[in-house]
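Participant: Take a look at the following structure, please.
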Number of protein chains: 2
Amino acid sequence: MTTTAQPHLNGVDTAALFATVAAVKEHNEIAKFQFRATNTSLSGTHSRSTISGFYGAMQEMAHVKETVLDSDHPEVLTGTDNGPAPVEYLLHALAACLTAGIVNVAAARGVELTKVSSTLTGDIDLLGVLGLSGGSVRNGYEHIKAEFHVEGDADQETLRGIVEQSRRRSAVYDALTNPTPVSIEVTTG
Amino acid sequence: MTTTAQPHLNGVDTAALFATVAAVKEHNEIAKFQFRATNTSLSGTHSRSTISGFYGAMQEMAHVKETVLDSDHPEVLTGTDNGPAPVEYLLHALAACLTAGIVNVAAARGVELTKVSSTLTGDIDLLGVLGLSGGSVRNGYEHIKAEFHVEGDADQETLRGIVEQSRRRSAVYDALTNPTPVSIEVTTG
């Protein structure tokens, strides 16, 4: 990143962005975050998550407002379709992460964007999840494709470079494309 | 899975569930699904996704209703906090996937559940995302922990076995713990 003369660009407070990077450089501890979600089963495959508090910048914090998210399986998969399927939330998470990165990187590079939109598709063969493949088909997506449309006051190569830098620094892209350790603990009764 | 005498359990239409598994076994093509999300940048790190149509069971389908999801970075990360961060949606997706699996597996095994709740935490060191680690810190979560609380009319071992089977068959657990191929295409102007 190089600093830019524009304190605000693409809705990004670049001055605050650079100040944050500088502060974290000075005190690495500020960068340790923990995000959280709590979930409760409602009926069948319908469940509800709440997202509110998190830890970061060496303190307990909370979002401006709590978010409630419903998830379910669609009816064709014998669910009750009270919300997107869990795997659809993955596509949203990836789109939102890459997009936020694109906007931040563009602002840092002094590029004004007029449009960032994307369509994400994830191909999945449910033979895996249903246990009908004899182990030859994975449970998750076989492939995710993200198609981005980006417009702004820069040439094609510069815009593509911004998307590529966002990919390189994306938390969700990394979480999906590389193994993320997950531990599961169970209490009963 | 073994069939149960109870056509509905835990809100799961077990008869439909077994019929679906049998139909897919007969015609593997039914199991090929494609899920989708479209996203648009609003301002700064705030973006909005729409989830509606998908392909599955050899036809174009749509959810009962369209879902709109906002994502943003929190203010401490120089965002405008108009929704959960992208990485928080990952925790929700994992919780919802494992929970739906637990409920389905329990129904298939004839176990009535009275409670399934979970708290997921994801530890992330933002030195990676900020490019300040010299490559020693990953961008995504270093570790995700899922704590499940499960109650039902079965002993502890049976309940734990249900959670374990859900983990084994979870699409989101697989997508996170194993590498998922992601391709990114960019159009400009």
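Labels for the structure tokens follow display order: chains A, B, ..., residues from 1 in each chain, ligands from 1.
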Could you go through range 11-153 of chain B and tell me which residues DSSP, when run on the backbone, assigns to strand (DSSP E or B), listing them as an MDAnalysis selection string?
Facilitator: chainID B and resid 12:13 32:43 46:56 59:71 113:125 143:152
Participant: Please superimpose chain B on chain A using every C-alpha atom, paired by order, in a least-squares fit, and write the moved chain as a PDB file with C-alpha atoms, in the first residue's frame.
Facilitator:
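Once everything was written out, this is part-v8.pdb:
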```pdb
ATOM      1  CA  MET B   1      -0.089  -0.013   0.005  1.00  0.00           C
ATOM      2  CA  THR B   2       0.977   3.537  -0.721  1.00  0.00           C
ATOM      3  CA  THR B   3      -0.700   6.477   0.891  1.00  0.00           C
ATOM      4  CA  THR B   4      -3.055   8.628  -1.095  1.00  0.00           C
ATOM      5  CA  ALA B   5      -3.882  12.289  -0.824  1.00  0.00           C
ATOM      6  CA  GLN B   6      -7.595  11.506  -0.652  1.00  0.00           C
ATOM      7  CA  PRO B   7      -8.794  10.924   2.938  1.00  0.00           C
ATOM      8  CA  HIS B   8     -12.041   9.330   1.729  1.00  0.00           C
ATOM      9  CA  LEU B   9     -12.429   7.252  -1.413  1.00  0.00           C
ATOM     10  CA  ASN B  10     -15.040   4.657  -2.372  1.00  0.00           C
ATOM     11  CA  GLY B  11     -16.646   5.239   1.021  1.00  0.00           C
ATOM     12  CA  VAL B  12     -13.401   4.156   2.693  1.00  0.00           C
ATOM     13  CA  ASP B  13     -11.855   6.359   5.367  1.00  0.00           C
ATOM     14  CA  THR B  14      -8.358   5.874   3.979  1.00  0.00           C
ATOM     15  CA  ALA B  15      -6.793   8.059   6.670  1.00  0.00           C
ATOM     16  CA  ALA B  16      -8.255   5.759   9.360  1.00  0.00           C
ATOM     17  CA  LEU B  17      -7.237   2.724   7.319  1.00  0.00           C
ATOM     18  CA  PHE B  18      -3.594   3.803   7.156  1.00  0.00           C
ATOM     19  CA  ALA B  19      -3.640   4.853  10.828  1.00  0.00           C
ATOM     20  CA  THR B  20      -4.957   1.403  11.760  1.00  0.00           C
ATOM     21  CA  VAL B  21      -2.255  -0.358   9.753  1.00  0.00           C
ATOM     22  CA  ALA B  22       0.378   1.848  11.396  1.00  0.00           C
ATOM     23  CA  ALA B  23      -1.018   1.195  14.894  1.00  0.00           C
ATOM     24  CA  VAL B  24      -1.082  -2.569  14.333  1.00  0.00           C
ATOM     25  CA  LYS B  25       2.467  -2.481  13.008  1.00  0.00           C
ATOM     26  CA  GLU B  26       3.491  -0.846  16.299  1.00  0.00           C
ATOM     27  CA  HIS B  27       1.442  -3.135  18.557  1.00  0.00           C
ATOM     28  CA  ASN B  28       0.828  -6.545  16.940  1.00  0.00           C
ATOM     29  CA  GLU B  29      -1.470  -7.545  19.798  1.00  0.00           C
ATOM     30  CA  ILE B  30      -4.151  -5.199  18.424  1.00  0.00           C
ATOM     31  CA  ALA B  31      -4.534  -7.551  15.448  1.00  0.00           C
ATOM     32  CA  LYS B  32      -5.702 -10.569  17.471  1.00  0.00           C
ATOM     33  CA  PHE B  33      -9.450 -10.941  16.951  1.00  0.00           C
ATOM     34  CA  GLN B  34     -12.028 -13.539  17.891  1.00  0.00           C
ATOM     35  CA  PHE B  35     -15.365 -13.592  16.082  1.00  0.00           C
ATOM     36  CA  ARG B  36     -18.399 -15.495  17.372  1.00  0.00           C
ATOM     37  CA  ALA B  37     -21.799 -16.834  16.454  1.00  0.00           C
ATOM     38  CA  THR B  38     -24.376 -18.642  18.572  1.00  0.00           C
ATOM     39  CA  ASN B  39     -26.923 -20.931  16.962  1.00  0.00           C
ATOM     40  CA  THR B  40     -30.098 -22.716  18.062  1.00  0.00           C
ATOM     41  CA  SER B  41     -32.032 -25.417  16.272  1.00  0.00           C
ATOM     42  CA  LEU B  42     -35.667 -24.399  15.748  1.00  0.00           C
ATOM     43  CA  SER B  43     -37.364 -27.270  13.923  1.00  0.00           C
ATOM     44  CA  GLY B  44     -36.005 -29.755  11.445  1.00  0.00           C
ATOM     45  CA  THR B  45     -33.113 -28.271   9.481  1.00  0.00           C
ATOM     46  CA  HIS B  46     -34.192 -24.719  10.364  1.00  0.00           C
ATOM     47  CA  SER B  47     -31.811 -22.993  12.774  1.00  0.00           C
ATOM     48  CA  ARG B  48     -31.097 -19.421  13.824  1.00  0.00           C
ATOM     49  CA  SER B  49     -27.766 -17.731  14.548  1.00  0.00           C
ATOM     50  CA  THR B  50     -27.082 -14.552  16.436  1.00  0.00           C
ATOM     51  CA  ILE B  51     -23.986 -12.447  15.801  1.00  0.00           C
ATOM     52  CA  SER B  52     -23.158  -9.621  18.158  1.00  0.00           C
ATOM     53  CA  GLY B  53     -20.034  -9.566  20.331  1.00  0.00           C
ATOM     54  CA  PHE B  54     -16.424 -10.095  19.334  1.00  0.00           C
ATOM     55  CA  TYR B  55     -12.968  -9.568  20.741  1.00  0.00           C
ATOM     56  CA  GLY B  56     -10.441  -7.331  19.081  1.00  0.00           C
ATOM     57  CA  ALA B  57      -8.005  -4.462  19.587  1.00  0.00           C
ATOM     58  CA  MET B  58      -7.342  -5.888  23.063  1.00  0.00           C
ATOM     59  CA  GLN B  59     -10.928  -5.540  24.295  1.00  0.00           C
ATOM     60  CA  GLU B  60     -14.416  -7.026  24.202  1.00  0.00           C
ATOM     61  CA  MET B  61     -16.450  -5.261  21.541  1.00  0.00           C
ATOM     62  CA  ALA B  62     -19.922  -5.468  20.013  1.00  0.00           C
ATOM     63  CA  HIS B  63     -21.443  -4.645  16.662  1.00  0.00           C
ATOM     64  CA  VAL B  64     -23.633  -1.539  16.422  1.00  0.00           C
ATOM     65  CA  LYS B  65     -26.555  -3.954  16.207  1.00  0.00           C
ATOM     66  CA  GLU B  66     -27.079  -7.663  16.663  1.00  0.00           C
ATOM     67  CA  THR B  67     -27.755  -9.694  13.504  1.00  0.00           C
ATOM     68  CA  VAL B  68     -30.114 -12.676  13.419  1.00  0.00           C
ATOM     69  CA  LEU B  69     -29.678 -15.160  10.575  1.00  0.00           C
ATOM     70  CA  ASP B  70     -31.956 -18.053   9.685  1.00  0.00           C
ATOM     71  CA  SER B  71     -30.749 -21.044   7.738  1.00  0.00           C
ATOM     72  CA  ASP B  72     -32.589 -24.084   6.468  1.00  0.00           C
ATOM     73  CA  HIS B  73     -32.441 -26.697   3.744  1.00  0.00           C
ATOM     74  CA  PRO B  74     -34.651 -26.101   0.683  1.00  0.00           C
ATOM     75  CA  GLU B  75     -37.804 -28.195   0.322  1.00  0.00           C
ATOM     76  CA  VAL B  76     -36.278 -30.321  -2.453  1.00  0.00           C
ATOM     77  CA  LEU B  77     -33.747 -31.447   0.176  1.00  0.00           C
ATOM     78  CA  THR B  78     -36.574 -32.197   2.622  1.00  0.00           C
ATOM     79  CA  GLY B  79     -36.069 -28.963   4.559  1.00  0.00           C
ATOM     80  CA  THR B  80     -38.632 -26.241   5.227  1.00  0.00           C
ATOM     81  CA  ASP B  81     -36.820 -23.439   3.319  1.00  0.00           C
ATOM     82  CA  ASN B  82     -36.922 -20.840   6.077  1.00  0.00           C
ATOM     83  CA  GLY B  83     -33.686 -19.290   4.832  1.00  0.00           C
ATOM     84  CA  PRO B  84     -30.642 -19.917   2.664  1.00  0.00           C
ATOM     85  CA  ALA B  85     -28.835 -23.234   2.964  1.00  0.00           C
ATOM     86  CA  PRO B  86     -25.591 -23.179   4.996  1.00  0.00           C
ATOM     87  CA  VAL B  87     -23.513 -23.617   1.834  1.00  0.00           C
ATOM     88  CA  GLU B  88     -25.172 -20.560   0.288  1.00  0.00           C
ATOM     89  CA  TYR B  89     -23.928 -18.446   3.203  1.00  0.00           C
ATOM     90  CA  LEU B  90     -20.387 -19.516   2.220  1.00  0.00           C
ATOM     91  CA  LEU B  91     -20.830 -17.928  -1.213  1.00  0.00           C
ATOM     92  CA  HIS B  92     -22.130 -14.718   0.376  1.00  0.00           C
ATOM     93  CA  ALA B  93     -19.180 -14.646   2.810  1.00  0.00           C
ATOM     94  CA  LEU B  94     -16.673 -15.053  -0.015  1.00  0.00           C
ATOM     95  CA  ALA B  95     -18.336 -12.398  -2.193  1.00  0.00           C
ATOM     96  CA  ALA B  96     -18.492  -9.912   0.698  1.00  0.00           C
ATOM     97  CA  CYS B  97     -14.867 -10.516   1.733  1.00  0.00           C
ATOM     98  CA  LEU B  98     -13.418 -10.129  -1.761  1.00  0.00           C
ATOM     99  CA  THR B  99     -15.602  -7.067  -2.412  1.00  0.00           C
ATOM    100  CA  ALA B 100     -14.593  -5.304   0.815  1.00  0.00           C
ATOM    101  CA  GLY B 101     -10.971  -6.030  -0.053  1.00  0.00           C
ATOM    102  CA  ILE B 102     -11.353  -4.671  -3.585  1.00  0.00           C
ATOM    103  CA  VAL B 103     -12.835  -1.426  -2.259  1.00  0.00           C
ATOM    104  CA  ASN B 104     -10.146  -1.040   0.421  1.00  0.00           C
ATOM    105  CA  VAL B 105      -7.256  -1.825  -1.929  1.00  0.00           C
ATOM    106  CA  ALA B 106      -8.613   0.558  -4.572  1.00  0.00           C
ATOM    107  CA  ALA B 107      -8.946   3.342  -1.983  1.00  0.00           C
ATOM    108  CA  ALA B 108      -5.400   2.711  -0.780  1.00  0.00           C
ATOM    109  CA  ARG B 109      -4.167   2.903  -4.373  1.00  0.00           C
ATOM    110  CA  GLY B 110      -6.118   6.092  -5.091  1.00  0.00           C
ATOM    111  CA  VAL B 111      -8.505   4.446  -7.541  1.00  0.00           C
ATOM    112  CA  GLU B 112     -12.145   5.520  -7.516  1.00  0.00           C
ATOM    113  CA  LEU B 113     -14.516   2.647  -8.207  1.00  0.00           C
ATOM    114  CA  THR B 114     -17.945   3.211  -9.714  1.00  0.00           C
ATOM    115  CA  LYS B 115     -19.107  -0.415  -9.626  1.00  0.00           C
ATOM    116  CA  VAL B 116     -18.191  -3.696  -7.974  1.00  0.00           C
ATOM    117  CA  SER B 117     -20.648  -6.525  -8.436  1.00  0.00           C
ATOM    118  CA  SER B 118     -20.243 -10.271  -8.468  1.00  0.00           C
ATOM    119  CA  THR B 119     -22.024 -13.533  -9.058  1.00  0.00           C
ATOM    120  CA  LEU B 120     -20.792 -16.600  -7.210  1.00  0.00           C
ATOM    121  CA  THR B 121     -21.721 -20.147  -8.074  1.00  0.00           C
ATOM    122  CA  GLY B 122     -20.836 -23.269  -6.151  1.00  0.00           C
ATOM    123  CA  ASP B 123     -21.140 -26.732  -7.681  1.00  0.00           C
ATOM    124  CA  ILE B 124     -21.853 -29.524  -5.263  1.00  0.00           C
ATOM    125  CA  ASP B 125     -22.661 -33.186  -5.804  1.00  0.00           C
ATOM    126  CA  LEU B 126     -24.854 -34.272  -2.911  1.00  0.00           C
ATOM    127  CA  LEU B 127     -23.860 -37.916  -3.340  1.00  0.00           C
ATOM    128  CA  GLY B 128     -21.093 -36.986  -0.879  1.00  0.00           C
ATOM    129  CA  VAL B 129     -23.319 -35.520   1.828  1.00  0.00           C
ATOM    130  CA  LEU B 130     -25.827 -38.338   1.401  1.00  0.00           C
ATOM    131  CA  GLY B 131     -23.115 -40.965   1.820  1.00  0.00           C
ATOM    132  CA  LEU B 132     -23.913 -42.543  -1.528  1.00  0.00           C
ATOM    133  CA  SER B 133     -20.570 -42.128  -3.304  1.00  0.00           C
ATOM    134  CA  GLY B 134     -18.494 -44.674  -1.421  1.00  0.00           C
ATOM    135  CA  GLY B 135     -16.133 -41.840  -0.544  1.00  0.00           C
ATOM    136  CA  SER B 136     -15.402 -40.770  -4.125  1.00  0.00           C
ATOM    137  CA  VAL B 137     -17.359 -37.491  -3.889  1.00  0.00           C
ATOM    138  CA  ARG B 138     -16.493 -34.842  -1.307  1.00  0.00           C
ATOM    139  CA  ASN B 139     -19.162 -33.343   0.955  1.00  0.00           C
ATOM    140  CA  GLY B 140     -18.433 -29.709   0.146  1.00  0.00           C
ATOM    141  CA  TYR B 141     -18.311 -27.716  -3.049  1.00  0.00           C
ATOM    142  CA  GLU B 142     -16.367 -29.318  -5.884  1.00  0.00           C
ATOM    143  CA  HIS B 143     -15.725 -25.850  -7.267  1.00  0.00           C
ATOM    144  CA  ILE B 144     -16.667 -22.249  -6.544  1.00  0.00           C
ATOM    145  CA  LYS B 145     -16.596 -19.671  -9.318  1.00  0.00           C
ATOM    146  CA  ALA B 146     -16.621 -15.945  -8.588  1.00  0.00           C
ATOM    147  CA  GLU B 147     -17.328 -13.596 -11.506  1.00  0.00           C
ATOM    148  CA  PHE B 148     -16.526  -9.984 -10.689  1.00  0.00           C
ATOM    149  CA  HIS B 149     -17.508  -6.913 -12.637  1.00  0.00           C
ATOM    150  CA  VAL B 150     -15.411  -3.899 -11.665  1.00  0.00           C
ATOM    151  CA  GLU B 151     -15.544  -0.356 -13.042  1.00  0.00           C
ATOM    152  CA  GLY B 152     -13.534   2.701 -12.021  1.00  0.00           C
ATOM    153  CA  ASP B 153     -11.158   5.445 -13.069  1.00  0.00           C
ATOM    154  CA  ALA B 154      -8.271   3.139 -13.906  1.00  0.00           C
ATOM    155  CA  ASP B 155      -7.263   0.911 -16.792  1.00  0.00           C
ATOM    156  CA  GLN B 156      -8.184  -2.744 -17.023  1.00  0.00           C
ATOM    157  CA  GLU B 157      -4.807  -3.953 -15.794  1.00  0.00           C
ATOM    158  CA  THR B 158      -4.953  -1.755 -12.689  1.00  0.00           C
ATOM    159  CA  LEU B 159      -8.495  -2.896 -11.894  1.00  0.00           C
ATOM    160  CA  ARG B 160      -7.530  -6.544 -12.316  1.00  0.00           C
ATOM    161  CA  GLY B 161      -4.514  -5.960 -10.086  1.00  0.00           C
ATOM    162  CA  ILE B 162      -6.813  -4.624  -7.365  1.00  0.00           C
ATOM    163  CA  VAL B 163      -8.970  -7.750  -7.503  1.00  0.00           C
ATOM    164  CA  GLU B 164      -5.850  -9.929  -7.394  1.00  0.00           C
ATOM    165  CA  GLN B 165      -4.506  -8.090  -4.344  1.00  0.00           C
ATOM    166  CA  SER B 166      -7.875  -8.524  -2.616  1.00  0.00           C
ATOM    167  CA  ARG B 167      -7.703 -12.268  -3.316  1.00  0.00           C
ATOM    168  CA  ARG B 168      -4.191 -12.427  -1.871  1.00  0.00           C
ATOM    169  CA  ARG B 169      -5.340 -10.791   1.364  1.00  0.00           C
ATOM    170  CA  SER B 170      -8.809 -12.277   1.726  1.00  0.00           C
ATOM    171  CA  ALA B 171      -9.602 -14.068   4.977  1.00  0.00           C
ATOM    172  CA  VAL B 172     -12.538 -16.014   3.531  1.00  0.00           C
ATOM    173  CA  TYR B 173     -10.686 -16.968   0.333  1.00  0.00           C
ATOM    174  CA  ASP B 174      -7.906 -18.376   2.513  1.00  0.00           C
ATOM    175  CA  ALA B 175     -10.341 -20.121   4.870  1.00  0.00           C
ATOM    176  CA  LEU B 176     -11.926 -21.937   1.922  1.00  0.00           C
ATOM    177  CA  THR B 177      -8.948 -22.653  -0.329  1.00  0.00           C
ATOM    178  CA  ASN B 178      -6.626 -23.796   2.458  1.00  0.00           C
ATOM    179  CA  PRO B 179      -7.397 -26.171   5.350  1.00  0.00           C
ATOM    180  CA  THR B 180      -8.878 -24.413   8.390  1.00  0.00           C
ATOM    181  CA  PRO B 181      -8.601 -26.331  11.674  1.00  0.00           C
ATOM    182  CA  VAL B 182     -12.038 -26.874  13.232  1.00  0.00           C
ATOM    183  CA  SER B 183     -12.551 -28.531  16.614  1.00  0.00           C
ATOM    184  CA  ILE B 184     -15.944 -29.692  17.852  1.00  0.00           C
ATOM    185  CA  GLU B 185     -16.838 -30.148  21.506  1.00  0.00           C
ATOM    186  CA  VAL B 186     -20.066 -31.699  22.687  1.00  0.00           C
ATOM    187  CA  THR B 187     -21.899 -31.476  26.000  1.00  0.00           C
ATOM    188  CA  THR B 188     -25.094 -33.413  26.597  1.00  0.00           C
ATOM    189  CA  GLY B 189     -27.918 -33.406  29.159  1.00  0.00           C
TER     190      GLY B 189
END
```
